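Here the structure comes first, spelled out in structure tokens, and everything after it is commentary.
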Amino acid sequence: MKLRTFRYFFREAWRGLVRNRLMSLTAMGTIAIALVLLGVFSLITTNLQYFGNLALGRIEIRAFLSESARNHELLKAEIQAIPGVQRVEFVSKEEGARWLEKALGNKGLFLDGENPLPNSFNIHPARGADVEKIAGQVRRVAGVDEVVYGRDFVRLLHLAVRLIWVLGFGLLFLVMLAVLYIVVNTIQMTVYARRKEIEIMKLVGATDWFIRWPFMLEGIILGIGGALIAVVIVLEAYAFLSNRLGQVSTVLSLLTRAEITPYVIGGFFGVGVLFGALGSLLSVKRYLGI
Amino acid sequence: MKLRTFRYFFREAWRGLVRNRLMSLTAMGTIAIALVLLGVFSLITTNLQYFGNLALGRIEIRAFLSESARNHELLKAEIQAIPGVQRVEFVSKEEGARWLEKALGNKGLFLDGENPLPNSFNIHPARGADVEKIAGQVRRVAGVDEVVYGRDFVRLLHLAVRLIWVLGFGLLFLVMLAVLYIVVNTIQMTVYARRKEIEIMKLVGATDWFIRWPFMLEGIILGIGGALIAVVIVLEAYAFLSNRLGQVSTVLSLLTRAEITPYVIGGFFGVGVLFGALGSLLSVKRYLGI
Amino acid sequence: MIQARRLTKKYDNGVLALENLSLHIKKGEFVFLVGPSGAGKSTFLNLVIRRETPTDGFLSVAGRNVALLKKQEIPFFRRRIGYIFQDYKLFPNKTVRENVSFALEVIEVDPGEIRKRVNFVLDLVGLIHKAEVFPSELSGGEQQRVSLARAIVNRPLLLLADEPTGNLDPDTSWEIMELLREINRRGTTIVMATHNREIVNRMQKRVIALEKGRLVRDESKGGYAVEA
Amino acid sequence: MIQARRLTKKYDNGVLALENLSLHIKKGEFVFLVGPSGAGKSTFLNLVIRRETPTDGFLSVAGRNVALLKKQEIPFFRRRIGYIFQDYKLFPNKTVRENVSFALEVIEVDPGEIRKRVNFVLDLVGLIHKAEVFPSELSGGEQQRVSLARAIVNRPLLLLADEPTGNLDPDTSWEIMELLREINRRGTTIVMATHNREIVNRMQKRVIALEKGRLVRDESKGGYAVEA
Ligand SMILES: Nc1ncnc2c1ncn2[C@@H]1O[C@H](COP(=O)(O)OP(=O)(O)OP(=O)(O)O)[C@@H](O)[C@H]1O
Ligand SMILES: Nc1ncnc2c1ncn2[C@@H]1O[C@H](COP(=O)(O)OP(=O)(O)OP(=O)(O)O)[C@@H](O)[C@H]1O
Ligand SMILES: [Mg+2]
Ligand SMILES: [Mg+2]
């Protein structure tokens, strides 16, 4: 096939879109909105994932020392050396008592001077996922009497993060299929509305590929157009919402718009081009059979 | 307009759908999938909401008694009488110590016989939302020294539930708009593909309403068809997933399929009929102008 | 029935399809509209049924100034006019019977009556055996006759026929002309755009000739061309 | 060029459109195909270009048995045949120029050459001034001539013309017939289905008459009807 024939295909595709303006715009709008839904789903999943990992990262391990414990500084250095430990803080028995009172919301609990609490360390793991492993190693350090961390909470959080992963991405996959289906259907309808033209092309002696190319390019352009609209909507809405959410609560921090931008753009355009091309090919195929 | 003309409209609508089978099925599929997305969104939101409220409902208030407290049974009755209280349990100072040890994961903490903890009550509110109000009232009961509940946790949970409400339903509204847009666009494309017929009808002397009715009925039937498919997909998938989830974790209990069924059916059919009719009306309108 | 004064139609793309056309067609007349390809014949018929609106000049049909028709009056106005379109304009997704019935459904005739009348006209145009078939399964001439059947089933006051014998053999054409003559005899005014010299010459009816959008000849009992 | 033996076509709906048709059209011939509406003329042409497949019998075109053509050979087979469709089959979303060019784009002629040849044929059919206009902005006869222009721009071996003058006035029809005669003289075989008695009688070419799908007459230098 000659190079200029490809130029012709591009011109054809463009004309096809412009001369069926109403249909093209409708299709592009549908594709854009389907992609927006996909984007919303993936951003929710990703942020939940991000938030869960963040929460896991804030988990501390509490190591209570025996009465006979060696020099605190040496012990601290030893614990600090364990792989995965980010930071270690010494908590004296008095600080411990104050912390416990605060945690229980009961101020007068240890006021009578009897403080049964030992000295302790607060240990911050670098990654929430390492908590159990680090706790095990700390337990083996000489002078450490007892290692405490919110085991149930860590497990729950782990479970939650895993669930978000499995359910979220499983769901995302299904949403992806749904969007594929919607995009393909939409493009099929644009081709359906022009099936007479395909018939004429065949009668005039066009080969299947000669007919397919412009339609495929149209599908791709529709996909790209839809992706463009979707990118703008999603990024703007995301900036607005994460800004709003930042005002409501400082606990819930989201991924920043700058962080998601390349993925949104890459993903949408990729999906738009791929689904657009696929949609045209599938539907033109149907009418080439006639 | 005569009654039998309406019969004619129904026949027309039906014929229109059957004779444009491919288009009708494509459109119905798109509508179904869009509704499924809407269903997935609303079920996630509703379940998060449900789960948050369930967690709020599990919150307990701890009331520590003064050393000079009166008869436990009388006090218990008094607290039980506070509106919103569901159940009250007495916790002796020994039980309290054991509970605290367990909560901290530190078994030897109070082993030396010195137990500074007072006797207490565990109070279960009927509704999580009432925690703060009940705590306030319990505090005023004579003999109660201190009232403790996970204030931060309750507040966080409240915030989360409120966020889910606002964000979830805000988002749901947007998804609803997106689905409306997709459905309307899809139906517009079916009408677009048949704009020539509308032109002929006008030339033969059909009034706008005579043209509109069959198309509107077609839109409604497409909407109902799509809703039907969506109902089956969503309910089956939901049963499967909540079953699977039940096997993974007993903590995460979802609304049962039976509970959601009437809402899913009602919602989908309502949306299908409404959006279908709207889609046809809007798009036929455009071609009536010609 | 039709009165035009200095009627002008310029399409959006600048083509002047009719220019200063003045004519008067009385109730009950049978008029041939002739002229070369692109002369403005179809444009004139489309103005009469208000598919197009005049750019200038005056046109009244059945006593109504078509330019002043309100949007909601147009369907009722069109129902009294039958139109055999040059490109047939059949519903591709309706059978022959449904295509013809449509003109009666619109005016809410009852089903038994519709059936009777549709059978009657399909028989007249010789297509009763094709009643349950779709237009795509018909030959060109058969489609043309369906369009004719739909135009006359409603017993219109005025019948516009745009090249109604263009895809018919001479014998069938003559049968159709006899039919139109009969319809005309019963009171329907007929305006027929045609290129069929033989028919025009033999019928000896009024002939209006257009050329490049202008009236060039208007004779009662004329032939297709001046020299004829 | 075209050889048919006991060719039969029965449509899916049971209509027997052609029955046991045997004929032989030689290279360079000019043949009129006549017969009443629904006789099977368009069906025959559609079999020749393999738009339809024969139910029974043998049909070879340009030395190829059309029933044995592979799917991927069909476009190349069709490129050597020009077809003026009874319903024109123009692309509604392409201008006149683009409609005609399409037949050349398909065979990847270069743009300068396309422009030249398209201008040439549009001038031949008298529509060079309508080149940039869409089919919906043309009169019936103008559309018909665009279909003709597209059919001949590619200098086909074989030209199938289905009622190519049905919407043309006698003068334009004659110009078109002169054009076809010239094309035929340069070697293109022409099969023309028509109802135009005048043209058939005046041209004195071979006439093949069908009736209800059967061959009823085949004379070289014949008239439209036997008595003519
Ligand atoms: N919708 C349109 N927009 C623009 N120009 C048009 C339109 N319809 C027709 N024309 C132009 O107006 C002129 C008159 O067209 P019209 O269809 O009235 O001719 P006609 O007499 O019916 O011809 P024919 O015998 O070929 O059908 C032609 O030059 C044609 O190209
Ligand atoms: N696609 C089809 N499906 C079924 N029947 C058809 C189809 N096309 C044509 N027919 C029938 O086959 C017969 C021959 O049709 P054909 O189109 O060949 O006639 P024709 O000679 O071209 O007539 P005309 O002069 O009216 O164009 C007719 O009875 C017609 O109704
Ligand atoms: Mg015309
Ligand atoms: Mg034919």
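Just remember, in the structure tokens the first chain shown is A, the second B, etc., residues are 1-based per chain, and ligands are 1-based in the order shown.
Using only C-alpha atoms, the contacts of Ile114 in chain D at a cut-off of 8 Å, with sequence neighbours closer than 3 positions omitted, comprise Ser101, Leu104, Glu105, Val109, Asp110, Pro111, Arg117 and Val118 of chain D.
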Output the selection as a PDB file, in the first residue's frame - N, CA, C and O atoms for each residue.
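This went into result.pdb:
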```pdb
ATOM      1  N   SER D 101     -13.989  10.464  -7.096  1.00  0.00           N
ATOM      2  CA  SER D 101     -12.582  10.132  -6.820  1.00  0.00           C
ATOM      3  C   SER D 101     -12.446   8.768  -6.173  1.00  0.00           C
ATOM      4  O   SER D 101     -11.451   8.074  -6.371  1.00  0.00           O
ATOM      5  N   LEU D 104     -11.079   5.881  -7.833  1.00  0.00           N
ATOM      6  CA  LEU D 104      -9.656   5.941  -8.187  1.00  0.00           C
ATOM      7  C   LEU D 104      -8.774   5.818  -6.948  1.00  0.00           C
ATOM      8  O   LEU D 104      -7.684   5.264  -6.997  1.00  0.00           O
ATOM      9  N   GLU D 105      -9.234   6.349  -5.821  1.00  0.00           N
ATOM     10  CA  GLU D 105      -8.486   6.217  -4.564  1.00  0.00           C
ATOM     11  C   GLU D 105      -8.265   4.731  -4.260  1.00  0.00           C
ATOM     12  O   GLU D 105      -7.200   4.326  -3.816  1.00  0.00           O
ATOM     13  N   VAL D 109      -4.471   5.562  -7.468  1.00  0.00           N
ATOM     14  CA  VAL D 109      -3.983   6.464  -8.503  1.00  0.00           C
ATOM     15  C   VAL D 109      -3.424   7.693  -7.785  1.00  0.00           C
ATOM     16  O   VAL D 109      -3.867   8.037  -6.695  1.00  0.00           O
ATOM     17  N   ASP D 110      -2.451   8.384  -8.379  1.00  0.00           N
ATOM     18  CA  ASP D 110      -1.918   9.501  -7.609  1.00  0.00           C
ATOM     19  C   ASP D 110      -2.781  10.755  -7.743  1.00  0.00           C
ATOM     20  O   ASP D 110      -3.506  10.955  -8.714  1.00  0.00           O
ATOM     21  N   PRO D 111      -2.723  11.606  -6.706  1.00  0.00           N
ATOM     22  CA  PRO D 111      -3.685  12.693  -6.553  1.00  0.00           C
ATOM     23  C   PRO D 111      -3.837  13.607  -7.760  1.00  0.00           C
ATOM     24  O   PRO D 111      -4.953  13.994  -8.122  1.00  0.00           O
ATOM     25  N   ARG D 117      -8.554  13.314 -13.977  1.00  0.00           N
ATOM     26  CA  ARG D 117      -9.566  12.410 -14.537  1.00  0.00           C
ATOM     27  C   ARG D 117     -10.964  12.712 -14.008  1.00  0.00           C
ATOM     28  O   ARG D 117     -11.961  12.607 -14.737  1.00  0.00           O
ATOM     29  N   VAL D 118     -11.050  13.098 -12.735  1.00  0.00           N
ATOM     30  CA  VAL D 118     -12.362  13.412 -12.169  1.00  0.00           C
ATOM     31  C   VAL D 118     -12.930  14.669 -12.826  1.00  0.00           C
ATOM     32  O   VAL D 118     -14.105  14.714 -13.209  1.00  0.00           O
TER      33      VAL D 118
END
```
Name the residues of chain D that fall into strand (DSSP E) according to DSSP on the backbone, using the chain letters and numbers of this document, as a short mmCIF file (atom, residue, chain, number, x, y, z; two decimals) with N, CA, C and O atoms, in the first residue's frame.
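And here's selection.cif as it stands now:
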```
data_model
loop_
_atom_site.label_atom_id
_atom_site.label_comp_id
_atom_site.auth_asym_id
_atom_site.auth_seq_id
_atom_site.Cartn_x
_atom_site.Cartn_y
_atom_site.Cartn_z
N ILE D 2 -19.52 -11.84 -20.76
CA ILE D 2 -20.47 -12.42 -19.81
C ILE D 2 -21.07 -13.68 -20.41
O ILE D 2 -21.59 -13.64 -21.52
N GLN D 3 -20.98 -14.76 -19.67
CA GLN D 3 -21.57 -16.00 -20.16
C GLN D 3 -22.43 -16.59 -19.06
O GLN D 3 -21.93 -16.84 -17.95
N ALA D 4 -23.72 -16.78 -19.37
CA ALA D 4 -24.63 -17.35 -18.37
C ALA D 4 -25.25 -18.62 -18.93
O ALA D 4 -25.64 -18.65 -20.10
N ARG D 5 -25.29 -19.67 -18.10
CA ARG D 5 -25.96 -20.90 -18.55
C ARG D 5 -26.90 -21.38 -17.47
O ARG D 5 -26.49 -21.65 -16.34
N ARG D 6 -28.17 -21.43 -17.85
CA ARG D 6 -29.22 -21.89 -16.93
C ARG D 6 -29.11 -21.21 -15.56
O ARG D 6 -29.27 -21.82 -14.51
N LEU D 7 -28.83 -19.90 -15.63
CA LEU D 7 -28.62 -19.11 -14.42
C LEU D 7 -29.96 -18.90 -13.69
O LEU D 7 -30.94 -18.48 -14.28
N THR D 8 -29.97 -19.21 -12.39
CA THR D 8 -31.19 -19.09 -11.61
C THR D 8 -30.89 -18.34 -10.32
O THR D 8 -29.86 -18.58 -9.69
N LYS D 9 -31.75 -17.42 -9.97
CA LYS D 9 -31.60 -16.72 -8.69
C LYS D 9 -32.92 -16.71 -7.95
O LYS D 9 -33.93 -16.20 -8.45
N LYS D 10 -32.91 -17.30 -6.78
CA LYS D 10 -34.08 -17.30 -5.92
C LYS D 10 -33.68 -16.56 -4.65
O LYS D 10 -32.72 -16.96 -3.99
N LEU D 16 -38.52 -15.98 -7.05
CA LEU D 16 -37.69 -16.50 -8.13
C LEU D 16 -37.47 -15.36 -9.12
O LEU D 16 -38.32 -15.06 -9.94
N ALA D 17 -36.30 -14.69 -9.01
CA ALA D 17 -36.08 -13.48 -9.80
C ALA D 17 -35.51 -13.79 -11.18
O ALA D 17 -35.75 -13.06 -12.14
N LEU D 18 -34.73 -14.86 -11.28
CA LEU D 18 -34.21 -15.28 -12.58
C LEU D 18 -34.35 -16.79 -12.67
O LEU D 18 -34.13 -17.50 -11.70
N GLU D 19 -34.68 -17.27 -13.85
CA GLU D 19 -34.90 -18.71 -13.98
C GLU D 19 -34.29 -19.22 -15.28
O GLU D 19 -34.67 -18.77 -16.37
N ASN D 20 -33.31 -20.09 -15.16
CA ASN D 20 -32.74 -20.75 -16.35
C ASN D 20 -32.33 -19.78 -17.44
O ASN D 20 -32.64 -20.01 -18.61
N LEU D 21 -31.66 -18.73 -17.05
CA LEU D 21 -31.25 -17.73 -18.03
C LEU D 21 -29.93 -18.13 -18.68
O LEU D 21 -28.93 -18.34 -18.00
N SER D 22 -29.95 -18.26 -20.02
CA SER D 22 -28.70 -18.55 -20.73
C SER D 22 -28.46 -17.45 -21.74
O SER D 22 -29.34 -17.12 -22.53
N LEU D 23 -27.29 -16.87 -21.70
CA LEU D 23 -26.96 -15.84 -22.69
C LEU D 23 -25.46 -15.66 -22.76
O LEU D 23 -24.72 -16.09 -21.87
N HIS D 24 -25.02 -15.01 -23.82
CA HIS D 24 -23.61 -14.79 -24.02
C HIS D 24 -23.41 -13.38 -24.54
O HIS D 24 -23.92 -13.03 -25.59
N ILE D 25 -22.71 -12.57 -23.78
CA ILE D 25 -22.43 -11.21 -24.23
C ILE D 25 -20.95 -11.13 -24.52
O ILE D 25 -20.12 -11.41 -23.65
N PHE D 30 -22.76 -3.79 -27.02
CA PHE D 30 -23.63 -2.83 -26.34
C PHE D 30 -25.00 -3.49 -26.29
O PHE D 30 -25.63 -3.72 -27.31
N VAL D 31 -25.42 -3.86 -25.07
CA VAL D 31 -26.64 -4.64 -24.95
C VAL D 31 -27.67 -3.92 -24.10
O VAL D 31 -27.35 -3.37 -23.05
N PHE D 32 -28.91 -3.87 -24.60
CA PHE D 32 -30.00 -3.34 -23.79
C PHE D 32 -30.71 -4.50 -23.10
O PHE D 32 -31.00 -5.52 -23.73
N LEU D 33 -31.01 -4.30 -21.83
CA LEU D 33 -31.74 -5.30 -21.07
C LEU D 33 -33.11 -4.67 -20.79
O LEU D 33 -33.20 -3.65 -20.11
N VAL D 34 -34.16 -5.25 -21.36
CA VAL D 34 -35.47 -4.64 -21.16
C VAL D 34 -36.43 -5.65 -20.54
O VAL D 34 -36.11 -6.85 -20.42
N ASP D 56 -28.34 -21.16 -8.73
CA ASP D 56 -28.10 -22.33 -9.56
C ASP D 56 -27.60 -21.86 -10.92
O ASP D 56 -27.76 -20.70 -11.28
N GLY D 57 -26.98 -22.77 -11.66
CA GLY D 57 -26.52 -22.41 -12.98
C GLY D 57 -25.11 -21.84 -12.94
O GLY D 57 -24.48 -21.78 -11.88
N PHE D 58 -24.65 -21.40 -14.12
CA PHE D 58 -23.26 -20.98 -14.27
C PHE D 58 -23.21 -19.55 -14.76
O PHE D 58 -23.96 -19.14 -15.64
N LEU D 59 -22.30 -18.76 -14.19
CA LEU D 59 -22.12 -17.39 -14.67
C LEU D 59 -20.64 -17.06 -14.67
O LEU D 59 -19.98 -17.13 -13.63
N SER D 60 -20.10 -16.72 -15.86
CA SER D 60 -18.72 -16.27 -15.86
C SER D 60 -18.67 -14.85 -16.41
O SER D 60 -19.42 -14.48 -17.32
N VAL D 61 -17.81 -14.03 -15.78
CA VAL D 61 -17.65 -12.63 -16.17
C VAL D 61 -16.17 -12.39 -16.36
O VAL D 61 -15.37 -12.69 -15.46
N ARG D 64 -13.96 -15.20 -15.47
CA ARG D 64 -13.98 -15.74 -14.12
C ARG D 64 -15.36 -16.30 -13.77
O ARG D 64 -16.36 -15.63 -14.01
N ASN D 65 -15.40 -17.46 -13.20
CA ASN D 65 -16.65 -18.01 -12.69
C ASN D 65 -16.98 -17.27 -11.40
O ASN D 65 -16.29 -17.43 -10.39
N ILE D 81 -15.16 -3.36 -13.32
CA ILE D 81 -16.56 -3.20 -13.74
C ILE D 81 -17.11 -1.88 -13.21
O ILE D 81 -16.97 -1.58 -12.03
N GLY D 82 -17.68 -1.09 -14.09
CA GLY D 82 -18.37 0.14 -13.63
C GLY D 82 -19.84 -0.17 -13.48
O GLY D 82 -20.41 -0.97 -14.23
N TYR D 83 -20.49 0.45 -12.49
CA TYR D 83 -21.90 0.13 -12.25
C TYR D 83 -22.64 1.43 -11.94
O TYR D 83 -22.32 2.11 -10.98
N ILE D 84 -23.58 1.77 -12.79
CA ILE D 84 -24.46 2.90 -12.48
C ILE D 84 -25.69 2.30 -11.81
O ILE D 84 -26.49 1.63 -12.45
N LEU D 158 -16.03 -3.37 -18.37
CA LEU D 158 -17.45 -3.68 -18.51
C LEU D 158 -18.24 -2.62 -17.75
O LEU D 158 -17.88 -2.27 -16.62
N LEU D 159 -19.27 -2.08 -18.38
CA LEU D 159 -20.08 -1.06 -17.71
C LEU D 159 -21.51 -1.57 -17.58
O LEU D 159 -22.14 -1.92 -18.57
N LEU D 160 -21.99 -1.64 -16.35
CA LEU D 160 -23.37 -2.02 -16.10
C LEU D 160 -24.15 -0.76 -15.78
O LEU D 160 -23.77 -0.01 -14.88
N ALA D 161 -25.21 -0.51 -16.53
CA ALA D 161 -25.97 0.72 -16.32
C ALA D 161 -27.42 0.35 -16.04
O ALA D 161 -28.09 -0.20 -16.90
N ASP D 162 -27.86 0.63 -14.82
CA ASP D 162 -29.22 0.24 -14.46
C ASP D 162 -30.13 1.48 -14.52
O ASP D 162 -30.11 2.32 -13.63
N THR D 189 -17.41 -2.95 -22.86
CA THR D 189 -18.66 -3.67 -23.05
C THR D 189 -19.72 -3.00 -22.18
O THR D 189 -19.44 -2.65 -21.03
N ILE D 190 -20.91 -2.79 -22.70
CA ILE D 190 -21.95 -2.10 -21.93
C ILE D 190 -23.23 -2.94 -21.89
O ILE D 190 -23.70 -3.42 -22.92
N VAL D 191 -23.74 -3.12 -20.67
CA VAL D 191 -25.05 -3.74 -20.50
C VAL D 191 -25.92 -2.73 -19.80
O VAL D 191 -25.62 -2.29 -18.69
N MET D 192 -27.00 -2.32 -20.46
CA MET D 192 -27.83 -1.25 -19.91
C MET D 192 -29.27 -1.73 -19.76
O MET D 192 -29.92 -2.09 -20.73
N ALA D 193 -29.73 -1.73 -18.49
CA ALA D 193 -31.13 -2.04 -18.23
C ALA D 193 -31.92 -0.75 -18.39
O ALA D 193 -31.53 0.28 -17.84
N ARG D 206 -28.17 -4.59 -29.72
CA ARG D 206 -28.71 -5.87 -29.29
C ARG D 206 -29.68 -5.65 -28.12
O ARG D 206 -29.41 -4.86 -27.21
N VAL D 207 -30.79 -6.35 -28.11
CA VAL D 207 -31.80 -6.21 -27.05
C VAL D 207 -32.08 -7.58 -26.45
O VAL D 207 -32.37 -8.53 -27.15
N ILE D 208 -31.95 -7.66 -25.14
CA ILE D 208 -32.31 -8.88 -24.43
C ILE D 208 -33.52 -8.55 -23.57
O ILE D 208 -33.47 -7.63 -22.75
N ALA D 209 -34.61 -9.28 -23.80
CA ALA D 209 -35.83 -8.99 -23.05
C ALA D 209 -36.11 -10.09 -22.03
O ALA D 209 -36.07 -11.27 -22.34
N LEU D 210 -36.35 -9.65 -20.80
CA LEU D 210 -36.71 -10.60 -19.75
C LEU D 210 -38.17 -10.40 -19.40
O LEU D 210 -38.74 -9.32 -19.56
N GLU D 211 -38.76 -11.47 -18.87
CA GLU D 211 -40.12 -11.36 -18.36
C GLU D 211 -40.26 -12.39 -17.25
O GLU D 211 -39.98 -13.58 -17.47
N ARG D 214 -37.43 -14.84 -16.98
CA ARG D 214 -37.04 -15.71 -18.09
C ARG D 214 -36.68 -14.88 -19.31
O ARG D 214 -37.25 -13.81 -19.53
N LEU D 215 -35.77 -15.41 -20.10
CA LEU D 215 -35.40 -14.75 -21.34
C LEU D 215 -36.54 -14.94 -22.33
O LEU D 215 -36.96 -16.06 -22.59
N VAL D 216 -37.07 -13.83 -22.87
CA VAL D 216 -38.16 -13.99 -23.83
C VAL D 216 -37.77 -13.54 -25.24
O VAL D 216 -38.47 -13.81 -26.20
N ARG D 217 -36.65 -12.79 -25.31
CA ARG D 217 -36.24 -12.32 -26.64
C ARG D 217 -34.78 -11.93 -26.58
O ARG D 217 -34.31 -11.44 -25.56
N ASP D 218 -34.05 -12.18 -27.65
CA ASP D 218 -32.65 -11.77 -27.72
C ASP D 218 -32.35 -11.50 -29.18
O ASP D 218 -32.08 -12.39 -29.96
N GLU D 219 -32.44 -10.21 -29.60
CA GLU D 219 -32.12 -9.92 -31.01
C GLU D 219 -31.01 -8.87 -31.08
O GLU D 219 -30.98 -7.94 -30.31
#
```
>> With only C-alpha atoms as the counted atoms, please give the residues lying no more than 10 Å from Val146 in chain D, apart from itself and same-chain residues fewer than 4 positions off, as a ChimeraX atom specification.
In response: /D:84,88-90,96-97,99-100,121-122,125-127,130-131,135,138,141-142,150-151
For N, CA and C atoms, I'd like the residues from the last selection saved as a PDB file, in the first residue's frame.
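Below is the file selection-v1.pdb, written as the result:
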```
ATOM      1  N   ILE D  84     -23.584   1.766 -12.791  1.00  0.00           N
ATOM      2  CA  ILE D  84     -24.463   2.900 -12.478  1.00  0.00           C
ATOM      3  C   ILE D  84     -25.686   2.304 -11.808  1.00  0.00           C
ATOM      4  N   TYR D  88     -28.499   4.980  -7.458  1.00  0.00           N
ATOM      5  CA  TYR D  88     -27.293   5.815  -7.454  1.00  0.00           C
ATOM      6  C   TYR D  88     -26.206   5.337  -6.504  1.00  0.00           C
ATOM      7  N   LYS D  89     -26.574   5.053  -5.238  1.00  0.00           N
ATOM      8  CA  LYS D  89     -25.582   4.617  -4.243  1.00  0.00           C
ATOM      9  C   LYS D  89     -24.414   5.584  -4.126  1.00  0.00           C
ATOM     10  N   LEU D  90     -24.723   6.838  -3.942  1.00  0.00           N
ATOM     11  CA  LEU D  90     -23.669   7.820  -3.685  1.00  0.00           C
ATOM     12  C   LEU D  90     -23.398   7.858  -2.183  1.00  0.00           C
ATOM     13  N   VAL D  96     -19.485  15.604  -4.479  1.00  0.00           N
ATOM     14  CA  VAL D  96     -19.523  14.998  -5.805  1.00  0.00           C
ATOM     15  C   VAL D  96     -18.116  14.575  -6.218  1.00  0.00           C
ATOM     16  N   ARG D  97     -17.149  15.480  -6.037  1.00  0.00           N
ATOM     17  CA  ARG D  97     -15.774  15.168  -6.433  1.00  0.00           C
ATOM     18  C   ARG D  97     -15.267  13.950  -5.662  1.00  0.00           C
ATOM     19  N   ASN D  99     -16.987  11.577  -4.247  1.00  0.00           N
ATOM     20  CA  ASN D  99     -17.704  10.386  -4.684  1.00  0.00           C
ATOM     21  C   ASN D  99     -17.059   9.779  -5.911  1.00  0.00           C
ATOM     22  N   VAL D 100     -16.751  10.623  -6.875  1.00  0.00           N
ATOM     23  CA  VAL D 100     -16.176  10.118  -8.117  1.00  0.00           C
ATOM     24  C   VAL D 100     -14.729   9.674  -7.885  1.00  0.00           C
ATOM     25  N   VAL D 121     -14.299  13.659 -16.297  1.00  0.00           N
ATOM     26  CA  VAL D 121     -15.609  12.985 -16.390  1.00  0.00           C
ATOM     27  C   VAL D 121     -16.739  13.864 -15.866  1.00  0.00           C
ATOM     28  N   LEU D 122     -16.457  14.692 -14.857  1.00  0.00           N
ATOM     29  CA  LEU D 122     -17.525  15.576 -14.373  1.00  0.00           C
ATOM     30  C   LEU D 122     -17.933  16.553 -15.469  1.00  0.00           C
ATOM     31  N   VAL D 125     -20.258  14.753 -17.966  1.00  0.00           N
ATOM     32  CA  VAL D 125     -21.663  14.600 -17.568  1.00  0.00           C
ATOM     33  C   VAL D 125     -22.290  15.949 -17.206  1.00  0.00           C
ATOM     34  N   GLY D 126     -21.534  17.035 -17.411  1.00  0.00           N
ATOM     35  CA  GLY D 126     -22.097  18.373 -17.227  1.00  0.00           C
ATOM     36  C   GLY D 126     -22.277  18.777 -15.787  1.00  0.00           C
ATOM     37  N   LEU D 127     -21.394  18.295 -14.904  1.00  0.00           N
ATOM     38  CA  LEU D 127     -21.579  18.633 -13.493  1.00  0.00           C
ATOM     39  C   LEU D 127     -20.321  19.212 -12.854  1.00  0.00           C
ATOM     40  N   LYS D 130     -20.753  21.512 -10.076  1.00  0.00           N
ATOM     41  CA  LYS D 130     -21.335  20.989  -8.822  1.00  0.00           C
ATOM     42  C   LYS D 130     -20.322  20.121  -8.067  1.00  0.00           C
ATOM     43  N   ALA D 131     -19.056  20.222  -8.430  1.00  0.00           N
ATOM     44  CA  ALA D 131     -18.055  19.289  -7.906  1.00  0.00           C
ATOM     45  C   ALA D 131     -17.941  19.309  -6.382  1.00  0.00           C
ATOM     46  N   PRO D 135     -24.370  15.206  -2.339  1.00  0.00           N
ATOM     47  CA  PRO D 135     -25.478  14.617  -3.108  1.00  0.00           C
ATOM     48  C   PRO D 135     -26.850  15.153  -2.680  1.00  0.00           C
ATOM     49  N   LEU D 138     -28.239  17.964  -4.666  1.00  0.00           N
ATOM     50  CA  LEU D 138     -28.379  17.798  -6.109  1.00  0.00           C
ATOM     51  C   LEU D 138     -29.802  17.392  -6.475  1.00  0.00           C
ATOM     52  N   GLY D 141     -31.719  13.986 -11.270  1.00  0.00           N
ATOM     53  CA  GLY D 141     -30.963  13.729 -12.483  1.00  0.00           C
ATOM     54  C   GLY D 141     -29.482  13.997 -12.304  1.00  0.00           C
ATOM     55  N   GLU D 142     -29.166  14.992 -11.490  1.00  0.00           N
ATOM     56  CA  GLU D 142     -27.761  15.301 -11.235  1.00  0.00           C
ATOM     57  C   GLU D 142     -27.093  14.158 -10.467  1.00  0.00           C
ATOM     58  N   ARG D 150     -18.878   8.257 -11.726  1.00  0.00           N
ATOM     59  CA  ARG D 150     -18.071   7.359 -10.899  1.00  0.00           C
ATOM     60  C   ARG D 150     -17.851   6.012 -11.589  1.00  0.00           C
ATOM     61  N   ALA D 151     -18.879   5.576 -12.336  1.00  0.00           N
ATOM     62  CA  ALA D 151     -18.786   4.269 -12.988  1.00  0.00           C
ATOM     63  C   ALA D 151     -17.788   4.266 -14.138  1.00  0.00           C
TER      64      ALA D 151
END
```
> Quick one: residues within 7 Å of ligand 1, with only C-alpha atoms and all ligand atoms, as JSON, numbers by chain?
Replying inline: {"C": [11, 12, 13, 15, 16, 17, 35, 36, 37, 38, 39, 40, 41, 42, 43, 44], "D": [136, 137, 138, 139, 140, 141, 142, 167, 168, 169]}
